[in-house]
Amino acid sequence: MEPDISIESGCMIRVVVLSVGQMPTVYMREYVSMVVRHTRIELSSVSSFYTEHQKSPFAQQPWDSGCLRFKFLVGGASRSPWEDFQAQRKIHGVIGLCHCPTSPDLGAVYEQFLGICKTYPSVLAKRCLAFYPDGNQVGQEDKKRQHLIVFPPADRQTLELQMQTLMQDLAASLLMEFESWVLHAESVGAILTTPLDSQASLSSEEVGKSKKRRLGRAQKTIGDYCLLAGSPVDANAHYSTAIELARLTGDVFWNAGALEGCVCALVVDYMGVNEQYIQDEVKFRYFEVLQLYRRATAIAFELESTLKLARFLSRKDLAREVVELLMGAVDGAKNLTDANDRLVLNVEISRIFASLGYKRKAAFFARQVAQLYLQQETRWAAISALQVLALTAETYHVQSKRACVKGSGLLDSIGSTSNGKWSTLQMDVLDDMLLSSVRAGDPLAAWSSAARLLRGHYPRVTPTGQANLAAALTASADRLPLGTRCSDPALPFIRLHSFPDLPSQMEIVKRTAERKEWWADSASSGPFIYTPFAREGDSSNDNKLEIIWVVGEPVQLFVELANPCAVEVSVESIYLSVESGKFEAYPVSVTIQPNSSQTLLLSGVPLTVGPLSVRGCIVHCFGVVVEHLFDDIDELLSDAAKGLVLRDPFRSTGGSKLRHVPKPTIVVVPPLPLLVAQFVGGGGAAVLYEGEIRDVQISLVNAGLVPAAEAILSLTGKQQEHVVYIGHDILKAALPLQPGASVVVPVKLKAGQLSSDTEIVRGMAGTTGKILKDSSGPLLVLHYAGLSTENEVVALNGTAELPPGRRLAIPLQIHVLRGLCLIHARLLSMEVPTQISRNLPNPSLEVADTEDSIVKIDPYRGSWGLRLLELELWNPTDVVFEITVCLRRRNDRLEDSKVQEGNYLECLYPSTRIDRDYSSRVLVPLERLKLPSLGKALFNRTAQAEEVASAKSERQTRAELNATIKELSSRICVKWNSGRNSSGELAIKDAIQEALQASALDVLLPDPLTFGFRLAPKSPTDGVGNGEATSRMKDGNEEASDSKCKAYILAHELTPLEMLLRNNTRETITMSLNVGCHDVAGENCLNGNKASVLWTGALNGVEVEVPPLGEIVHTFALCFLVPGEYTLVGAAFIHGRSETVKIQWKQPHSVDTAEPVYCSGPPFRLYVAGAL
């Protein structure tokens, strides 16, 4: 049996094409391609080369529409024993190909060609073609070498044109030879025998029949040559004669051959015309042919005819009839004794099934072919088996990855389906491929087959089998060169695990060119590339799947490796594989224990700007380099979740549950600045006591390759009140920050107040990772970027955008400890009688107390109704505190860093020390906090509050009063120091505000009238007090000092006194003055039975009018009869409408304005000494 046969094979001229001399493979392929393209040569193109020596036997030659068909046998062919039975089986031509540059001796080449031609006795035409000769070889041409044709050097197009002419000449030569053979056979006759004739015993009767059969066989052979010559009508006439003669002589075998030739002539002659008639005729005649071959016991020819008919019907889409014919041929193959015939039969059956689209049946018979090849146990048979199995691999989904068509996933080649029989079949195919690869000596194919078998079917392979496959991988790799690559991965399984978080100092944000705060609408480039709140199909969420990498900066991602087999997998190197961009990957090695998984961090550095895609990993394992694609393993895991494959290799090794990790769009941008933050002199964690103020310095170093052109510091997070100052101006002055340069930015921290007695830690646990969003500590965020000129615009996802910037988060770790505590604050009222001196105290001449003075109240100032704020402090810590009560000037704030500490604070008294576990009380006088004067406008809303007013007015009144109290509370501060560097301020604002809430008006507002007494100055003519008159000539300091020590008068002397009355309002007040004097028992000394004081002047009912913010002096004299301690009190009855006085002295607003208002001043103490 012969392969690749069909009904039209009867009209094909067989020509052997082979190389002579030394022929490189690449040139052999090129020359053969120029020859084999001429399988059909029209008779019209042959006529110019055809010479009719005598009348042609092909009377019905179709010169206008006919053609000659060629079948080229490249590399040679063996002679067939059935050449006499079917003329198309003969080799009618030989074409030798010679490459002159490698075969300089054309004579030797030609002799070699003639030697080859002698092996084909049936050859009618010979051509030896020599290409690209040089000058010497052209001179070697000899007329005796009539079959040698030398092609001059030319281009491919010229050579093809010359080859076409040569093939037309060859066709003409063969046509003339066919004519000569037919004429000779008709005149002389031919002796035609087959292998079947030698099997019959020739009796005398049979000898007579054989002479008659010769004529019928000759007619059949002439018909064959008529078909080869392209004349089907002449062939049909000779076949009809041969059929009649064969029937008469009982030559069944030749009768069947003549019928086959008749069918071939019919198909060729009526090709494309009346197809239904031809189809029915072919079927009818071939059924007769099959019966004749069966009668002649020619099983091989019966099967060949069956295949010819099946191939013919397969073109007509008659699948059912074709399948019946092929399955009948399969049954008949059991009677074949020749292994080559069985091989050819299975090959042809597989091809016909494949042409019908029955891939599974075609693959089955192809496997039968492979099994027949493997039975031969030769290297060439193993190579053929491997090639056949490679054709079936796609049907069984075990093909090599490089053989996969575009669009098919790796799952088709490695996925073991849940169908056990199908999986077993796949394993058998791969096992056959492994066996044939080993026998063929192809280590790469053996490695690929073992890898596919181990990776795709490890659940069905025993541990011993897994170890054997691993040994086969290692053995095949030993025979391969170092660094050999294969397209089929083995172990381990690798999938993309996650993209790790960028370090906080390398976070990247996009820039919005239209906004000053260019980071406001940008999200960070971290790994959180998906949000569950995003709507599906929303185009605004596309940027969630984008990651930005920077040229020259290392990047990382996690991959998960799984080894579900019972063998240890040692990975010599594994690194990332990318496409569409230059990338320097860093290889690592790892060993994976049996039935285990491992997460591995891979890194690399992008080198070019533009889009980048991470395809998978390049793995050097089992001696071969293989690329593992993430998409392929994702498809495998997806089918594992659906139950389409046997097992998930990651779940079986204890790996994490299947989760979808979307592949982001990675964009590589030009180099960016990289600022590294570091706290100067510490790790960034500050342990502060409540209210402590500390200066922190943050060093920013540019570790990038480009300067930082803009940088903006902002404060975010909770507890922002801890940060009271940031050095924005210092950072701005340092820009642009060149690579390697640094700047120190000062930050001032102030600890807040704890809410409990236990230690509360505010801040973060570290500064290297991402900042947790639920952090309760303040966070300094630095947004910075490089130059943003128009020339530095980069393309991201096809759109022009500014280069991105960076975000640096600096957590301020503040550990607040319980410090100095304020137990409570309360308001005290004191009444201290004031001593009468020569002069009233002058505030501009006041002298500060010395450090050792413990007097907190000046006894020579008015102190009736004195208001004091008592602060009780407690030290629960193990350190000592020194506290100082200070008073801030108006409109000064702690945040104003330009105001020096000594300029905006006024110490009310020296520092007080509080030891550990001790408490202390501090009194704060509130006299300095009073307003300088009173006005009607200041209290009109307060007066209206007593009336039935609207709710809005009451709210305004409360708001103004609260604002005043708040301002007063903020002015009083308690500063503390502990050790050398620890200082702060106690948070007492709320406590003071609460203490002053009930008596705010008494504290803030001065008295409407101020009463004062002093000794009246004496004239120089007076006999008494010359020394005192002289003392007034001294400077203010001496006079003030004298007034403190000379604070008494003599009894029995008339002493002049002055009462000073000051109007603190902005209204004119009319009043009636009264002066009262009391002894130590509180009795009235001026009137009554016990009067002990004489006086001159008016002491009662003195009518005066005091201008706004003015003062008057009322003079009188007293003579004390009894020495002792006396108290003088001034009083006044105010007449007229003075609402300000009424409000301050708590007079009801409804009282008649005509009734006078009584006002009393503070008591003044006077010491009277006995007469000298």
# chains A, B, ... in the order shown; residues from 1 in each chain; ligands from 1

call {"tool": "select_by_dssp", "arguments": {"residues": "segment 47-95 of chain A", "states": "strand (DSSP E)", "output": "number ranges by chain"}}
result
A: 67-74, 91-95

call {"tool": "select_by_dssp", "arguments": {"residues": "segment 293-499 of chain A", "states": "helix (DSSP H, G or I)", "output": "ChimeraX atom specification"}}
result
/A:293-295,299-314,319-335,339-356,359-374,379-393,401-403,411-414,420-440,443-456,458-460,463-478

call {"tool": "atom_distance", "arguments": {"atom1": "atom CA of Ile574 of chain A", "atom2": "atom CA of His497 of chain A"}}
result
15.1 Å

call {"tool": "closest_residue", "arguments": {"among": "A:Pro492, A:Gly250, A:Pro925, A:Pro503", "to": "Gln598 of chain A", "atoms": "only C-alpha atoms"}}
result
A:Pro492

call {"tool": "atom_distance", "arguments": {"atom1": "atom CA of Ile823 of chain A", "atom2": "atom CA of Leu688 of chain A"}}
result
20.0 Å
